[in-house]
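Data file: upload.cif. Format and content: mmCIF, C-alpha atoms.
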data_coords
loop_
_atom_site.group_PDB
_atom_site.id
_atom_site.type_symbol
_atom_site.label_atom_id
_atom_site.label_comp_id
_atom_site.auth_asym_id
_atom_site.auth_seq_id
_atom_site.Cartn_x
_atom_site.Cartn_y
_atom_site.Cartn_z
ATOM 1 C CA MET A 1 12.316 -4.767 1.011
ATOM 2 C CA PRO A 2 8.906 -5.534 -0.473
ATOM 3 C CA VAL A 3 6.086 -6.093 2.003
ATOM 4 C CA THR A 4 2.592 -7.462 1.483
ATOM 5 C CA VAL A 5 -0.228 -6.754 3.909
ATOM 6 C CA LEU A 6 -3.420 -8.776 3.742
ATOM 7 C CA GLN A 7 -6.259 -7.233 5.729
ATOM 8 C CA GLN A 8 -9.570 -8.843 6.635
ATOM 9 C CA ASP A 9 -12.555 -7.021 5.195
ATOM 10 C CA TRP A 10 -14.192 -6.641 8.608
ATOM 11 C CA GLY A 11 -11.156 -4.687 9.825
ATOM 12 C CA ALA A 12 -11.454 -2.343 6.872
ATOM 13 C CA ALA A 13 -15.197 -2.007 7.520
ATOM 14 C CA LEU A 14 -14.402 -0.874 11.068
ATOM 15 C CA GLY A 15 -12.186 1.870 9.667
ATOM 16 C CA TYR A 16 -8.773 0.327 10.355
ATOM 17 C CA ASP A 17 -6.400 1.164 7.516
ATOM 18 C CA ALA A 18 -3.588 -1.390 7.676
ATOM 19 C CA ALA A 19 -1.880 0.077 4.609
ATOM 20 C CA GLU A 20 -1.575 3.476 6.252
ATOM 21 C CA VAL A 21 -0.004 1.956 9.368
ATOM 22 C CA TRP A 22 2.476 -0.230 7.474
ATOM 23 C CA ARG A 23 3.436 2.352 4.839
ATOM 24 C CA ALA A 24 5.478 4.250 7.453
ATOM 25 C CA TRP A 25 7.894 1.282 7.609
ATOM 26 C CA ALA A 26 7.434 -0.262 4.186
ATOM 27 C CA PRO A 27 7.545 2.100 1.208
ATOM 28 C CA ASP A 28 7.362 -0.880 -1.206
ATOM 29 C CA LEU A 29 3.969 -2.029 0.050
ATOM 30 C CA GLU A 30 1.251 -4.119 -1.554
ATOM 31 C CA HIS A 31 -2.063 -4.074 0.323
ATOM 32 C CA GLN A 32 -5.076 -6.258 -0.290
ATOM 33 C CA THR A 33 -8.383 -6.540 1.532
ATOM 34 C CA VAL A 34 -9.529 -10.155 1.808
ATOM 35 C CA THR A 35 -13.067 -11.368 2.428
ATOM 36 C CA CYS A 36 -12.544 -13.631 5.428
ATOM 37 C CA GLY A 37 -12.239 -13.729 9.177
ATOM 38 C CA HIS A 38 -9.283 -14.077 11.522
ATOM 39 C CA PHE A 39 -7.973 -17.379 10.104
ATOM 40 C CA MET A 40 -7.176 -16.046 6.651
ATOM 41 C CA ALA A 41 -4.943 -18.943 5.558
ATOM 42 C CA GLU A 42 -7.734 -21.423 6.296
ATOM 43 C CA GLU A 43 -10.626 -19.330 5.010
ATOM 44 C CA ALA A 44 -9.023 -17.946 1.837
ATOM 45 C CA PRO A 45 -5.998 -20.148 1.091
ATOM 46 C CA ALA A 46 -5.893 -19.359 -2.628
ATOM 47 C CA VAL A 47 -5.696 -15.626 -1.920
ATOM 48 C CA VAL A 48 -2.917 -16.108 0.634
ATOM 49 C CA VAL A 49 -0.895 -18.389 -1.655
ATOM 50 C CA ARG A 50 -1.252 -15.962 -4.564
ATOM 51 C CA ALA A 51 -0.116 -13.049 -2.360
ATOM 52 C CA LEU A 52 2.911 -15.009 -1.127
ATOM 53 C CA ARG A 53 3.905 -16.033 -4.651
ATOM 54 C CA ASP A 54 3.545 -12.461 -5.889
ATOM 55 C CA LEU A 55 5.625 -11.213 -2.949
ATOM 56 C CA LEU A 56 8.410 -13.705 -3.650
ATOM 57 C CA LEU A 57 8.511 -12.615 -7.297
ATOM 58 C CA ARG A 58 8.916 -8.966 -6.348
#
For the structure just supplied, provide its representation as C-alpha cells.
Amino acid sequence: MPVTVLQQDWGAALGYDAAEVWRAWAPDLEHQTVTCGHFMAEEAPAVVVRALRDLLLR
C-alpha cells in the first residue's frame, strides 16, 4: 500500500527522520519535508492537497 509522510521542517531540523521510521512499515513510501508548523493543513494547504492527490493516483 502506498504511504505518504509529510514532515514539518522544524522536525527535520531537530534531527527527526520520519522517513526512516515509517520505511520499516511502508516500503512504498513518499516523504516530503514541508515548511510549516504543527497545523500543516492550515499553514500549507496547497502542499497537503497536492500530496493527497498524488497519493490517490499511486
Could you list the residues chosen by the PyMOL selection byres ((chain A and resi 6-9) around 9) in this structure as a CSV table (one decimal) with C-alpha atoms, in the coordinates of the input?
chain,number,residue,atom,x,y,z
A,4,THR,CA,2.6,-7.5,1.5
A,5,VAL,CA,-0.2,-6.8,3.9
A,10,TRP,CA,-14.2,-6.6,8.6
A,11,GLY,CA,-11.2,-4.7,9.8
A,12,ALA,CA,-11.5,-2.3,6.9
A,13,ALA,CA,-15.2,-2.0,7.5
A,14,LEU,CA,-14.4,-0.9,11.1
A,17,ASP,CA,-6.4,1.2,7.5
A,18,ALA,CA,-3.6,-1.4,7.7
A,19,ALA,CA,-1.9,0.1,4.6
A,30,GLU,CA,1.3,-4.1,-1.6
A,31,HIS,CA,-2.1,-4.1,0.3
A,32,GLN,CA,-5.1,-6.3,-0.3
A,33,THR,CA,-8.4,-6.5,1.5
A,34,VAL,CA,-9.5,-10.2,1.8
A,35,THR,CA,-13.1,-11.4,2.4
A,36,CYS,CA,-12.5,-13.6,5.4
A,37,GLY,CA,-12.2,-13.7,9.2
A,38,HIS,CA,-9.3,-14.1,11.5
A,40,MET,CA,-7.2,-16.0,6.7
A,48,VAL,CA,-2.9,-16.1,0.6
A,51,ALA,CA,-0.1,-13.0,-2.4
Quiz item: With all atoms listed in the file as the basis for distance, which of A:Ala26, A:Arg53, A:Ala46, A:Phe39 is at the shortest distance from Val3 in chain A?
Solution: A:Ala26
Quiz item: What is the distance between CA of Pro2 in chain A and CA of Leu56 in chain A, in Å to one decimal?
Solution: 8.8 Å
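Nearest to Trp25 in chain A of all the residues A:Glu42, A:Met1, A:Arg58, A:Arg50 is A:Met1, counting all atoms listed in the file.
Atom pair CA of Leu52 in chain A / CA of Asp28 in chain A: separated by 14.8 Å.
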